[in-house]
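For reference, input-v4.pdb (PDB, C-alpha atoms, pLDDT in the B column):
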ATOM      1  CA  MET J 166    -109.841  88.085  68.912  1.00 56.00           C
ATOM      2  CA  VAL J 167    -108.075  87.524  65.591  1.00 59.00           C
ATOM      3  CA  THR J 168    -110.248  90.166  63.946  1.00 64.00           C
ATOM      4  CA  SER J 169    -109.400  92.818  66.538  1.00 61.00           C
ATOM      5  CA  VAL J 170    -105.674  92.029  66.249  1.00 56.00           C
ATOM      6  CA  LEU J 171    -105.870  92.333  62.461  1.00 58.00           C
ATOM      7  CA  VAL J 172    -107.729  95.637  62.765  1.00 62.00           C
ATOM      8  CA  ALA J 173    -104.993  96.965  65.062  1.00 57.00           C
ATOM      9  CA  LEU J 174    -102.263  95.796  62.666  1.00 55.00           C
ATOM     10  CA  VAL J 175    -103.994  97.356  59.662  1.00 60.00           C
ATOM     11  CA  ALA J 176    -104.441 100.672  61.488  1.00 60.00           C
ATOM     12  CA  ILE J 177    -100.777 100.735  62.477  1.00 60.00           C
ATOM     13  CA  GLY J 178     -99.700  99.634  58.990  1.00 68.00           C
ATOM     14  CA  VAL J 179    -101.592 102.439  57.238  1.00 73.00           C
ATOM     15  CA  THR J 180     -99.999 105.043  59.482  1.00 76.00           C
ATOM     16  CA  ASP J 181     -96.564 103.622  58.769  1.00 78.00           C
ATOM     17  CA  LEU J 182     -97.135 103.671  55.030  1.00 79.00           C
ATOM     18  CA  VAL J 183     -98.194 107.302  55.253  1.00 84.00           C
ATOM     19  CA  LEU J 184     -94.985 108.162  57.130  1.00 83.00           C
ATOM     20  CA  VAL J 185     -92.722 106.308  54.700  1.00 83.00           C
ATOM     21  CA  PHE J 186     -94.427 107.672  51.574  1.00 86.00           C
ATOM     22  CA  GLY J 187     -94.474 111.150  53.125  1.00 89.00           C
ATOM     23  CA  LEU J 188     -90.723 110.972  53.675  1.00 88.00           C
ATOM     24  CA  ILE J 189     -90.196 109.854  50.087  1.00 88.00           C
ATOM     25  CA  GLY J 190     -92.385 112.687  48.798  1.00 91.00           C
ATOM     26  CA  VAL J 191     -90.624 115.350  50.874  1.00 91.00           C
ATOM     27  CA  THR J 192     -87.236 114.013  49.779  1.00 90.00           C
ATOM     28  CA  LEU J 193     -88.245 114.146  46.112  1.00 90.00           C
ATOM     29  CA  VAL J 194     -89.630 117.678  46.379  1.00 92.00           C
ATOM     30  CA  LEU J 195     -86.539 118.978  48.194  1.00 91.00           C
ATOM     31  CA  GLN J 196     -84.214 117.306  45.685  1.00 91.00           C
ATOM     32  CA  SER J 197     -86.221 118.781  42.796  1.00 91.00           C
ATOM     33  CA  LEU J 198     -86.064 122.269  44.280  1.00 92.00           C
ATOM     34  CA  HIS J 199     -82.334 121.901  44.904  1.00 91.00           C
ATOM     35  CA  ASP J 200     -81.679 120.862  41.271  1.00 91.00           C
ATOM     36  CA  ASN J 201     -84.354 123.155  39.806  1.00 88.00           C
ATOM     37  CA  ARG J 202     -84.415 123.679  36.042  1.00 89.00           C
ATOM     38  CA  VAL J 203     -88.098 124.635  35.707  1.00 87.00           C
ATOM     39  CA  PRO J 204     -88.362 128.239  34.436  1.00 89.00           C
ATOM     40  CA  VAL J 205     -91.551 128.943  36.402  1.00 90.00           C
ATOM     41  CA  ILE J 206     -89.914 128.182  39.752  1.00 89.00           C
ATOM     42  CA  ASN J 207     -87.240 130.690  40.804  1.00 88.00           C
ATOM     43  CA  GLY J 208     -86.480 131.547  37.171  1.00 91.00           C
ATOM     44  CA  GLY J 209     -85.066 128.072  36.545  1.00 90.00           C
ATOM     45  CA  ALA J 210     -82.299 128.539  39.129  1.00 92.00           C
ATOM     46  CA  PRO J 211     -81.824 126.154  42.055  1.00 92.00           C
ATOM     47  CA  VAL J 212     -83.680 127.171  45.200  1.00 91.00           C
ATOM     48  CA  PRO J 213     -80.981 128.106  47.734  1.00 91.00           C
ATOM     49  CA  TRP J 214     -82.897 127.187  50.900  1.00 92.00           C
ATOM     50  CA  ALA J 215     -83.826 123.660  49.752  1.00 90.00           C
ATOM     51  CA  PRO J 216     -81.628 121.178  51.617  1.00 90.00           C
ATOM     52  CA  VAL J 217     -80.649 117.798  50.260  1.00 87.00           C
ATOM     53  CA  LEU J 218     -81.322 114.985  52.702  1.00 86.00           C
ATOM     54  CA  PRO J 219     -78.498 112.453  52.969  1.00 88.00           C
ATOM     55  CA  VAL J 220     -79.080 109.028  51.462  1.00 85.00           C
ATOM     56  CA  SER J 221     -78.812 107.420  54.899  1.00 88.00           C
ATOM     57  CA  THR J 222     -81.884 109.314  56.145  1.00 87.00           C
ATOM     58  CA  SER J 223     -84.415 107.177  54.279  1.00 84.00           C
ATOM     59  CA  PRO J 224     -83.242 103.754  55.484  1.00 87.00           C
ATOM     60  CA  VAL J 225     -82.928 105.019  59.056  1.00 90.00           C
ATOM     61  CA  VAL J 226     -86.502 106.360  59.003  1.00 86.00           C
ATOM     62  CA  VAL J 227     -87.871 103.190  57.368  1.00 83.00           C
ATOM     63  CA  VAL J 228     -86.140 100.913  59.905  1.00 86.00           C
ATOM     64  CA  GLY J 229     -87.326 103.165  62.739  1.00 87.00           C
ATOM     65  CA  VAL J 230     -90.909 102.987  61.497  1.00 83.00           C
ATOM     66  CA  LEU J 231     -90.706  99.195  61.181  1.00 81.00           C
ATOM     67  CA  VAL J 232     -89.328  98.827  64.712  1.00 84.00           C
ATOM     68  CA  ALA J 233     -92.021 101.153  66.079  1.00 82.00           C
ATOM     69  CA  THR J 234     -94.672  99.117  64.254  1.00 79.00           C
ATOM     70  CA  ALA J 235     -93.376  95.836  65.642  1.00 78.00           C
ATOM     71  CA  VAL J 236     -93.254  97.196  69.200  1.00 81.00           C
ATOM     72  CA  ALA J 237     -96.704  98.800  68.957  1.00 78.00           C
ATOM     73  CA  SER J 238     -98.198  95.662  67.429  1.00 74.00           C
ATOM     74  CA  SER J 239     -96.707  93.457  70.133  1.00 77.00           C
ATOM     75  CA  TRP J 240     -97.866  95.827  72.842  1.00 78.00           C
ATOM     76  CA  THR J 241    -101.403  95.997  71.406  1.00 73.00           C
ATOM     77  CA  THR J 242    -101.655  92.235  71.005  1.00 72.00           C
ATOM     78  CA  ARG J 243    -100.378  91.616  74.530  1.00 72.00           C
ATOM     79  CA  GLY J 244    -102.905  94.102  75.944  1.00 69.00           C
ATOM     80  CA  MET J 245    -105.741  92.429  74.053  1.00 69.00           C
ATOM     81  CA  MET J 246    -104.702  89.005  75.308  1.00 71.00           C
ATOM     82  CA  ARG J 247    -104.531  90.257  78.905  1.00 73.00           C
ATOM     83  CA  ALA J 248    -107.975  91.837  78.587  1.00 71.00           C
ATOM     84  CA  ARG J 249    -109.407  88.611  77.195  1.00 72.00           C
ATOM     85  CA  ALA J 250    -107.756  86.597  79.984  1.00 71.00           C
ATOM     86  CA  ALA J 251    -109.264  88.939  82.570  1.00 72.00           C
ATOM     87  CA  GLU J 252    -112.731  88.359  81.096  1.00 74.00           C
ATOM     88  CA  SER J 253    -112.619  84.589  81.564  1.00 68.00           C
ATOM     89  CA  PRO J 254    -112.034  83.706  85.221  1.00 64.00           C
ATOM     90  CA  ASP J 255    -110.485  80.264  84.622  1.00 58.00           C
ATOM     91  CA  PRO J 256    -109.558  79.590  81.001  1.00 55.00           C
ATOM     92  CA  VAL J 257    -107.664  76.370  81.736  1.00 59.00           C
ATOM     93  CA  GLY J 258    -110.264  74.784  83.972  1.00 54.00           C
ATOM     94  CA  THR J 259    -108.048  74.344  87.004  1.00 56.00           C
ATOM     95  CA  ASP J 260    -110.515  75.815  89.483  1.00 54.00           C
ATOM     96  CA  MET J 261    -111.133  73.116  92.118  1.00 55.00           C
ATOM     97  CA  SER J 262    -113.932  74.826  94.035  1.00 52.00           C
TER      98      SER J 262
END

Hey, can you dump this file as structure tokens for me?
Amino acid sequence: MVTSVLVALVAIGVTDLVLVFGLIGVTLVLQSLHDNRVPVINGGAPVPWAPVLPVSTSPVVVVGVLVATAVASSWTTRGMMRARAAESPDPVGTDMS
């Protein structure tokens, strides 16, 4: 049971890391395009369509991902425990028949 819970947590954790690092990467690329000084890109001029994400966006996304991870992990663990309880008819040994 512990192994399956850890596998579920690792799978959820990898997805969350991808989302957080993806957000950081997109933010960096957009900021770089907005403040462009590279002659090869747009002649060294800032790219007009590149928006700048507010600073508050990153923490909100990170907290949202963490909350989603906690809820999904709890939900997965609870489902696994219910499935295991359904497999064993009387785990406590209180059956008097």

**OP:** May I ask for the distance between CA of Thr192 (chain J) and CA of Val217 (chain J), given in Å to one decimal place?
**Re:**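 Interatomic distance here is 7.6 Å.
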
**OP:** Could you expand the PyMOL selection byres ((chain J and resi 218) around 12) into the explicit residues it covers here, written as a list in words?
**Re:**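 Evaluating the PyMOL selection byres ((chain J and resi 218) around 12) on these coordinates yields Leu188, Ile189, Gly190, Val191, Thr192, Leu193, Val194, Leu195, Gln196, Ser197, His199, Ala215, Pro216, Val217, Pro219, Val220, Ser221, Thr222, Ser223, Pro224, Val225 and Val226 of chain J.
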
**OP:** Mind giving me the straight-line distance from CA of Val185 (chain J) to CA of Ser238 (chain J) in Å, one decimal?
**Re:**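 Distance between the two atoms: 17.5 Å.
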
**OP:** Find the residue from J:Val232, J:Leu182, J:Ala251, J:Val212 that sits nearest to Leu198 (chain J); use all atoms listed in the file when measuring.
**Re:**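 The answer is J:Val212, which sits nearest to Leu198 (chain J).
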
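Note that CA of Ala237 (chain J) and CA of Glu252 (chain J) are 22.7 Å apart.
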
Original post:
If you count all atoms listed in the file, which residues fall within 8 Å of Pro211 (chain J), apart from same-chain ones fewer than 2 positions away, as a PyMOL selection string?
Top reply: chain J and resi 198-202+207+209+213
